[in-house]
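This is model.cif (mmCIF, C-alpha atoms).
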data_input
loop_
_atom_site.label_atom_id
_atom_site.label_comp_id
_atom_site.auth_asym_id
_atom_site.auth_seq_id
_atom_site.Cartn_x
_atom_site.Cartn_y
_atom_site.Cartn_z
CA ALA A 1 -60.27 42.86 -27.26
CA PRO A 2 -63.87 42.19 -28.24
CA PRO A 3 -66.63 44.02 -26.33
CA GLY A 4 -67.03 42.79 -22.78
CA ARG A 5 -63.65 41.06 -22.64
CA ALA A 6 -61.31 44.01 -22.20
CA ALA A 7 -60.59 43.09 -18.57
CA ARG A 8 -59.58 39.56 -19.52
CA ALA A 9 -57.34 40.89 -22.27
CA GLY A 10 -55.70 43.32 -19.85
CA LEU A 11 -55.02 40.51 -17.38
CA ALA A 12 -53.51 38.36 -20.12
CA ALA A 13 -51.22 41.17 -21.23
CA THR A 14 -49.96 42.11 -17.77
CA ALA A 15 -49.69 38.47 -16.64
CA ALA A 16 -47.63 37.63 -19.72
CA ASN A 17 -45.39 40.58 -18.90
CA MET A 18 -44.73 39.47 -15.32
CA GLY A 19 -44.69 35.77 -16.25
CA GLY A 20 -41.96 36.33 -18.81
CA LEU A 21 -39.87 38.39 -16.41
CA GLY A 22 -40.17 35.64 -13.80
CA CYS A 23 -39.73 32.58 -16.01
CA GLY A 24 -36.48 33.93 -17.47
CA PRO A 25 -34.45 33.72 -14.22
CA LEU A 26 -36.07 30.39 -13.31
CA LEU A 27 -35.30 28.79 -16.68
CA ALA A 28 -31.78 30.23 -16.75
CA GLY A 29 -31.09 29.00 -13.22
CA LEU A 30 -32.31 25.48 -13.98
CA LEU A 31 -30.29 25.26 -17.19
CA ALA A 32 -27.16 26.76 -15.61
CA GLN A 33 -27.34 24.41 -12.63
CA TYR A 34 -28.39 21.09 -14.17
CA ALA A 35 -27.70 21.26 -17.94
CA PRO A 36 -24.47 21.39 -19.94
CA TRP A 37 -22.97 24.64 -21.28
CA PRO A 38 -24.20 26.83 -18.37
CA LEU A 39 -22.86 30.04 -19.95
CA ARG A 40 -24.32 29.32 -23.39
CA LEU A 41 -27.44 27.16 -23.15
CA PRO A 42 -29.65 29.78 -21.40
CA PHE A 43 -28.98 32.22 -24.23
CA LEU A 44 -29.59 29.60 -26.90
CA ALA A 45 -32.89 28.72 -25.24
CA HIS A 46 -33.84 32.39 -25.18
CA LEU A 47 -33.05 32.79 -28.87
CA ALA A 48 -35.22 29.76 -29.64
CA LEU A 49 -38.11 31.25 -27.67
CA ILE A 50 -37.71 34.55 -29.53
CA ALA A 51 -37.91 32.69 -32.84
CA VAL A 52 -41.13 30.94 -31.77
CA ALA A 53 -42.64 34.23 -30.56
CA ALA A 54 -41.69 36.00 -33.80
CA LEU A 55 -43.34 33.26 -35.86
CA LEU A 56 -46.55 33.32 -33.81
CA THR A 57 -46.69 37.11 -33.95
CA TRP A 58 -46.21 37.05 -37.73
CA LEU A 59 -49.19 34.68 -38.08
CA LEU A 60 -51.54 36.74 -35.90
CA PRO A 61 -54.18 38.79 -37.76
CA GLU A 62 -53.62 42.55 -37.75
CA THR A 63 -56.32 44.49 -35.86
CA VAL A 64 -55.39 47.97 -37.07
CA THR A 65 -56.17 49.17 -40.57
CA SER A 66 -53.76 51.71 -42.02
CA GLY A 67 -53.44 53.36 -45.38
CA VAL A 68 -49.65 53.30 -45.13
CA ARG A 69 -48.31 50.32 -47.04
CA ARG A 70 -44.61 50.98 -46.65
CA PHE A 71 -43.09 49.64 -43.45
CA ARG A 72 -41.41 52.34 -41.36
CA LEU A 73 -39.53 51.49 -38.20
CA ARG A 74 -39.56 54.71 -36.23
CA PRO A 75 -40.71 55.84 -32.77
CA GLN A 76 -44.34 56.96 -32.62
CA GLY A 77 -43.94 59.09 -29.51
CA ILE A 78 -45.63 59.04 -26.10
CA ALA A 79 -48.09 61.50 -24.60
CA VAL A 80 -50.10 62.15 -21.45
CA PRO A 81 -53.20 64.25 -22.21
CA PRO A 82 -54.06 66.92 -19.60
CA GLN A 83 -57.29 65.20 -18.57
CA VAL A 84 -55.37 62.03 -17.63
CA ARG A 85 -52.55 63.58 -15.59
CA GLY A 86 -54.43 63.45 -12.29
CA VAL A 87 -54.76 59.67 -12.67
CA PHE A 88 -51.43 59.16 -14.41
CA ALA A 89 -49.14 60.70 -11.76
CA PRO A 90 -50.04 58.49 -8.74
CA SER A 91 -50.45 55.42 -10.95
CA ALA A 92 -47.02 55.91 -12.51
CA LEU A 93 -45.39 56.52 -9.12
CA ALA A 94 -46.98 53.35 -7.74
CA ALA A 95 -45.71 51.42 -10.77
CA PHE A 96 -42.24 52.92 -10.30
CA ALA A 97 -42.17 51.78 -6.67
CA GLY A 98 -43.46 48.29 -7.49
CA PHE A 99 -41.05 47.77 -10.36
CA SER A 100 -38.21 49.01 -8.16
CA LEU A 101 -38.92 46.06 -5.87
CA LEU A 102 -38.76 43.74 -8.87
CA GLY A 103 -35.45 45.30 -9.86
CA LEU A 104 -34.14 44.81 -6.33
CA PHE A 105 -34.91 41.10 -6.50
CA THR A 106 -33.40 40.58 -9.94
CA ALA A 107 -30.23 42.49 -9.02
CA VAL A 108 -29.65 42.03 -5.28
CA ALA A 109 -31.36 38.76 -4.37
CA PRO A 110 -28.91 36.51 -6.33
CA ALA A 111 -25.88 38.20 -4.74
CA PHE A 112 -27.54 38.16 -1.30
CA VAL A 113 -28.36 34.45 -1.55
CA ALA A 114 -24.83 33.58 -2.69
CA GLU A 115 -22.70 35.93 -0.58
CA THR A 116 -24.66 36.39 2.64
CA LEU A 117 -26.57 33.10 2.89
CA ASP A 118 -23.80 31.05 1.24
CA VAL A 119 -26.30 29.27 -1.05
CA HIS A 120 -24.76 28.63 -4.46
CA ASN A 121 -27.48 26.59 -6.19
CA LEU A 122 -28.35 28.63 -9.28
CA ALA A 123 -31.73 26.94 -9.67
CA LEU A 124 -32.69 28.02 -6.14
CA THR A 125 -31.55 31.56 -6.88
CA GLY A 126 -33.70 31.62 -10.00
CA LEU A 127 -36.62 30.27 -7.98
CA VAL A 128 -36.31 33.11 -5.44
CA VAL A 129 -36.47 35.68 -8.24
CA PHE A 130 -39.32 33.79 -9.91
CA THR A 131 -41.33 33.90 -6.68
CA VAL A 132 -41.77 37.68 -6.71
CA PHE A 133 -43.02 37.65 -10.31
CA LEU A 134 -45.33 34.70 -9.64
CA ALA A 135 -46.84 36.61 -6.72
CA SER A 136 -47.22 39.65 -8.98
CA THR A 137 -49.22 37.60 -11.47
CA ALA A 138 -51.40 36.31 -8.62
CA GLY A 139 -51.96 39.87 -7.40
CA GLN A 140 -53.13 40.91 -10.84
CA ALA A 141 -55.59 38.01 -10.92
CA LEU A 142 -57.00 39.12 -7.55
CA MET A 143 -57.90 42.62 -8.73
CA GLY A 144 -61.34 41.46 -9.84
CA ARG A 145 -62.17 40.49 -6.26
CA VAL A 146 -60.57 43.53 -4.64
CA GLY A 147 -62.12 46.00 -7.06
CA GLU A 148 -60.49 48.45 -9.43
CA ARG A 149 -60.72 51.47 -7.09
CA ARG A 150 -59.21 49.68 -4.09
CA ALA A 151 -56.55 47.70 -5.96
CA LEU A 152 -54.14 50.61 -6.44
CA PRO A 153 -53.99 51.98 -2.86
CA GLY A 154 -54.36 48.49 -1.36
CA GLY A 155 -51.55 47.18 -3.53
CA CYS A 156 -49.29 50.00 -2.34
CA PHE A 157 -49.89 49.08 1.31
CA VAL A 158 -49.24 45.36 0.67
CA LEU A 159 -46.08 46.40 -1.19
CA VAL A 160 -44.98 48.34 1.91
CA ALA A 161 -45.42 45.21 4.03
CA GLY A 162 -43.32 43.25 1.54
CA LEU A 163 -40.54 45.84 1.68
CA VAL A 164 -40.53 45.59 5.49
CA LEU A 165 -40.05 41.82 5.19
CA VAL A 166 -37.26 42.26 2.64
CA ALA A 167 -35.48 44.71 4.93
CA ALA A 168 -35.87 42.27 7.82
CA SER A 169 -34.39 39.47 5.70
CA LEU A 170 -31.35 41.62 4.99
CA LEU A 171 -30.90 42.48 8.66
CA LEU A 172 -31.32 38.90 9.89
CA ALA A 173 -29.78 37.11 6.88
CA SER A 174 -32.92 34.99 6.56
CA LEU A 175 -33.91 33.19 3.37
CA PRO A 176 -37.49 32.46 4.60
CA LEU A 177 -38.03 36.16 5.30
CA LEU A 178 -36.67 37.01 1.85
CA ILE A 179 -39.14 34.60 0.23
CA ALA A 180 -41.98 35.98 2.39
CA GLY A 181 -41.01 39.48 1.26
CA ALA A 182 -41.04 38.31 -2.35
CA LEU A 183 -44.53 36.84 -1.99
CA CYS A 184 -45.99 39.82 -0.13
CA GLY A 185 -44.24 42.50 -2.16
CA GLY A 186 -44.99 40.80 -5.46
CA LEU A 187 -48.66 40.46 -4.52
CA GLY A 188 -48.88 44.16 -3.74
CA GLN A 189 -46.99 45.10 -6.89
CA GLY A 190 -49.35 43.00 -9.00
CA LEU A 191 -52.46 44.55 -7.47
CA ALA A 192 -51.15 48.08 -7.87
CA PHE A 193 -49.80 47.44 -11.36
CA ARG A 194 -53.01 46.10 -12.83
CA GLY A 195 -55.06 48.70 -11.00
CA ALA A 196 -52.85 51.42 -12.47
CA VAL A 197 -53.05 50.04 -16.01
CA THR A 198 -56.84 49.76 -15.75
CA ALA A 199 -57.22 53.28 -14.35
CA ILE A 200 -55.01 54.86 -17.01
CA SER A 201 -56.59 52.91 -19.87
CA GLY A 202 -60.06 53.91 -18.69
CA ALA A 203 -59.20 57.59 -18.26
CA ALA A 204 -57.27 58.10 -21.50
CA PRO A 205 -59.14 59.17 -24.65
CA ALA A 206 -59.27 56.45 -27.28
CA GLU A 207 -57.08 58.36 -29.70
CA HIS A 208 -54.34 58.80 -27.06
CA ARG A 209 -54.69 55.53 -25.15
CA ALA A 210 -51.73 53.74 -26.71
CA ALA A 211 -49.42 56.73 -26.24
CA THR A 212 -50.55 57.19 -22.62
CA VAL A 213 -50.08 53.52 -21.71
CA SER A 214 -46.67 53.62 -23.41
CA ALA A 215 -45.68 56.58 -21.23
CA PHE A 216 -46.80 54.62 -18.18
CA PHE A 217 -44.62 51.66 -19.14
CA VAL A 218 -41.64 53.96 -19.69
CA VAL A 219 -41.94 55.06 -16.06
CA ALA A 220 -42.42 51.47 -14.88
CA TYR A 221 -39.35 50.19 -16.71
CA LEU A 222 -37.28 53.08 -15.43
CA GLY A 223 -38.26 51.77 -11.99
CA ILE A 224 -36.92 48.30 -12.73
CA SER A 225 -33.64 49.61 -14.17
CA LEU A 226 -32.38 52.97 -12.86
CA PRO A 227 -32.69 52.37 -9.07
CA VAL A 228 -30.75 49.12 -9.47
CA VAL A 229 -27.81 51.13 -10.78
CA GLY A 230 -28.03 53.21 -7.61
CA VAL A 231 -28.03 50.06 -5.49
CA GLY A 232 -24.90 48.88 -7.29
CA ALA A 233 -23.16 52.19 -6.60
CA LEU A 234 -24.23 52.14 -2.94
CA THR A 235 -22.98 48.57 -2.61
CA LEU A 236 -19.43 49.70 -3.42
CA TRP A 237 -19.68 52.27 -0.64
CA LEU A 238 -21.93 50.70 2.03
CA GLY A 239 -21.86 46.99 1.23
CA LEU A 240 -24.64 44.77 -0.04
CA ARG A 241 -26.79 44.63 3.09
CA ASP A 242 -26.75 48.35 3.93
CA ALA A 243 -27.31 49.33 0.29
CA GLY A 244 -30.34 47.03 0.17
CA LEU A 245 -31.67 48.54 3.40
CA VAL A 246 -31.31 52.11 2.11
CA PHE A 247 -32.99 51.17 -1.14
CA SER A 248 -35.83 49.34 0.64
CA GLY A 249 -36.40 52.35 2.88
CA CYS A 250 -36.59 54.80 -0.03
CA VAL A 251 -39.03 52.65 -2.01
CA LEU A 252 -41.08 52.04 1.15
CA VAL A 253 -41.50 55.79 1.72
CA LEU A 254 -42.55 56.29 -1.91
CA ALA A 255 -45.07 53.44 -1.88
CA LEU A 256 -46.50 54.51 1.50
CA GLY A 257 -46.89 58.12 0.35
CA VAL A 258 -48.68 57.12 -2.86
CA GLY A 259 -50.91 54.67 -0.97
CA LEU A 260 -51.94 57.28 1.61
CA HIS A 261 -52.63 59.84 -1.12
CA LEU A 262 -54.83 57.39 -3.03
CA ALA A 263 -56.58 56.21 0.14
CA ARG A 264 -57.51 59.80 1.05
CA GLY A 265 -58.95 60.32 -2.41
CA LEU A 266 -60.86 57.06 -2.15
CA GLY A 267 -62.25 58.09 1.24
CA ARG A 268 -63.41 61.48 -0.04
CA SER A 269 -65.15 59.97 -3.06
CA GLY A 270 -66.72 57.25 -0.92
CA GLY A 271 -67.96 59.78 1.61
CA GLY A 272 -69.50 61.92 -1.13
CA ALA A 273 -71.21 58.92 -2.63
CA SER A 274 -72.70 57.85 0.70
CA ALA A 275 -73.91 61.40 1.39
CA ARG A 276 -75.69 61.51 -1.92
#
Translate the structure described by the file into structure tokens.
Amino acid sequence: APPGRAARAGLAATAANMGGLGCGPLLAGLLAQYAPWPLRLPFLAHLALIAVAALLTWLLPETVTSGVRRFRLRPQGIAVPPQVRGVFAPSALAAFAGFSLLGLFTAVAPAFVAETLDVHNLALTGLVVFTVFLASTAGQALMGRVGERRALPGGCFVLVAGLVLVAASLLLASLPLLIAGALCGGLGQGLAFRGAVTAISGAAPAEHRAATVSAFFVVAYLGISLPVVGVGALTLWLGLRDAGLVFSGCVLVLALGVGLHLARGLGRSGGGASAR
């Protein structure tokens, strides 16, 4: 990003991330419900989008100069420098909790809507999943008003409120409560996510920034994938509703703990600043 526009570039990157994750279920649901070839057309559309993205990426100018001319496809490694670990740990845990909520919606919400609420419109199911990612994008856009220092703990507390609504929707078999949980939880996830990315990017040395942000995204994507496997295993034992409640409770405790930890740190720094 050019000087003075790093924040806008960060918003574009994170919003594209969440927007893509949300538009996929929505597009697939619309095509599967209203278009022919429901088991094939969503994948064909995805392949077409990949082809367009590959072409646009190929045409973009390269911003990194390298003396290596030969193309080598190999992992570059990830790293968290010692001076960043104090910021990295709570930020990564907050991202893990937020992405766990996203994983819950992508994995459990479709089955919950179909089996418990007896709603079998695939477009509506995709819309429910899309809602949480749309709210996440909105939360990221709000960080400028909330402020970088308050976005991470505040996002964790809003995420907790969203998890309470999701748990209530499972208990009461309520679609409106599920959508409210998606909006509230997604908003909190978006605030915390962008706050975490901004904090880590600002704290990491320039020579290790890419590796540190990569490590952060590894933790975040573990949050959207691994806990969902646990929910699936619990579903075989406890059933869909109880497994969702256990999962919501665990993520709620994690998000609340991280939020309280960050809020205490924010209070101490604010108190010191006012005393000076």
Nearest to Val231 of chain A, restricted to all atoms listed in the file and choosing among A:Ala109, A:Ala180, A:Ile200, A:Ala138, comes out as A:Ala109
If you apply the PyMOL selection byres ((chain A and resi 145-150) around 10) to this file, what residues do you get, as a ChimeraX atom specification?
/A:139,141-144,151-155,191-192,194-196,198-199,262-263,266
Matched chain/residue IDs from the PyMOL selection byres ((chain A and resi 22) around 9), as a ChimeraX atom specification:
/A:17-21,23-27,126-127,129-134
Looking at all atoms listed in the file, which of A:Leu170, A:Ala107, A:Val219, A:Ala97 is the one that sits closest to Gly188 of chain A?
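Checking each of A:Leu170, A:Ala107, A:Val219, A:Ala97 against Gly188 of chain A, counting all atoms listed in the file, the winner is A:Ala97.
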Neighbours of Ala94 of chain A within 7 Å (only C-alpha atoms; same-chain residues fewer than 3 positions away dropped), as a list of chain:residue names?
A:Pro90, A:Ser91, A:Ala97, A:Gly98, A:Cys156, A:Ala192, A:Ala255, A:Val258
Using all atoms listed in the file, what does the table of segment 100-148 of chain A residues within 8 Å of segment 30-38 of chain A look like, with each row giving the shortest atom pair and its distance in Å to one decimal, sorted by chain and ascending number, as CSV?
residue,atom,partner,partner_atom,distance
A:Asn121,CA,A:Gln33,CA,6.8
A:Leu122,CA,A:Gln33,CA,5.5
A:Ala123,CA,A:Leu30,CA,4.6
A:Gly126,CA,A:Leu30,CA,7.4
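Separating atom CA of His46 of chain A from atom CA of Ala13 of chain A is a distance of 19.9 Å.
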Output the residue selection produced by the PyMOL selection byres ((chain A and resi 164-167) around 7) on the file above, formatted as number ranges by chain.
A: 160-163, 168-171, 177-178, 180-181, 245, 248
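Residue nearest Phe99 of chain A, chosen from A:Gly10, A:Pro205, A:Gly223, A:Gly4 and counting all atoms listed in the file: A:Gly223.
If you measure from each of A:Thr106, A:Gln76, A:Thr116, A:Gln189 to Ile224 of chain A using all atoms listed in the file, the closest one turns out to be A:Thr106.
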Between atom CA of Gly239 of chain A and atom CA of Ile179 of chain A, what is the distance in Å, rounded to a tenth?
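Between these atoms lies a distance of 21.3 Å.
Between atom CA of Thr137 of chain A and atom CA of Cys184 of chain A lies a distance of 12.0 Å.
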Can you pull out the residues contacting Arg209 of chain A? Cut-off 10 Å, using all atoms listed in the file, and skip same-chain residues under 4 positions away; I want them as a list in words.
Ile78, Ala79, Val80, Pro81, Val84, Ile200, Ser201, Gly202, Ala203, Ala204, Pro205, Val213, Ser214 and Ala215 of chain A
So that all listed atoms of segment 177-180 of chain A fit with 3 Å spare on each side, what axis-aligned box centre and edge lengths in Å, to one decimal, would you give as lines of an AutoDock Vina configuration file?
center_x = -39.3
center_y = 35.8
center_z = 2.8
size_x = 11.3
size_y = 8.4
size_z = 11.1
Closest to Leu175 of chain A among A:Leu187, A:Ala206, A:Val128, A:Ala211, using all atoms listed in the file?
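Looking only at the distances to Leu175 of chain A, the closest residue turns out to be A:Val128.
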For Leu234 of chain A, find every residue with an atom within 12 Å (counting all atoms listed in the file), except residues of its own chain fewer than 5 positions away, and show them as a list in words.
Val108, Pro227, Val228, Val229, Gly239, Leu240, Arg241, Asp242, Ala243, Gly244, Leu245, Val246 and Phe247 of chain A
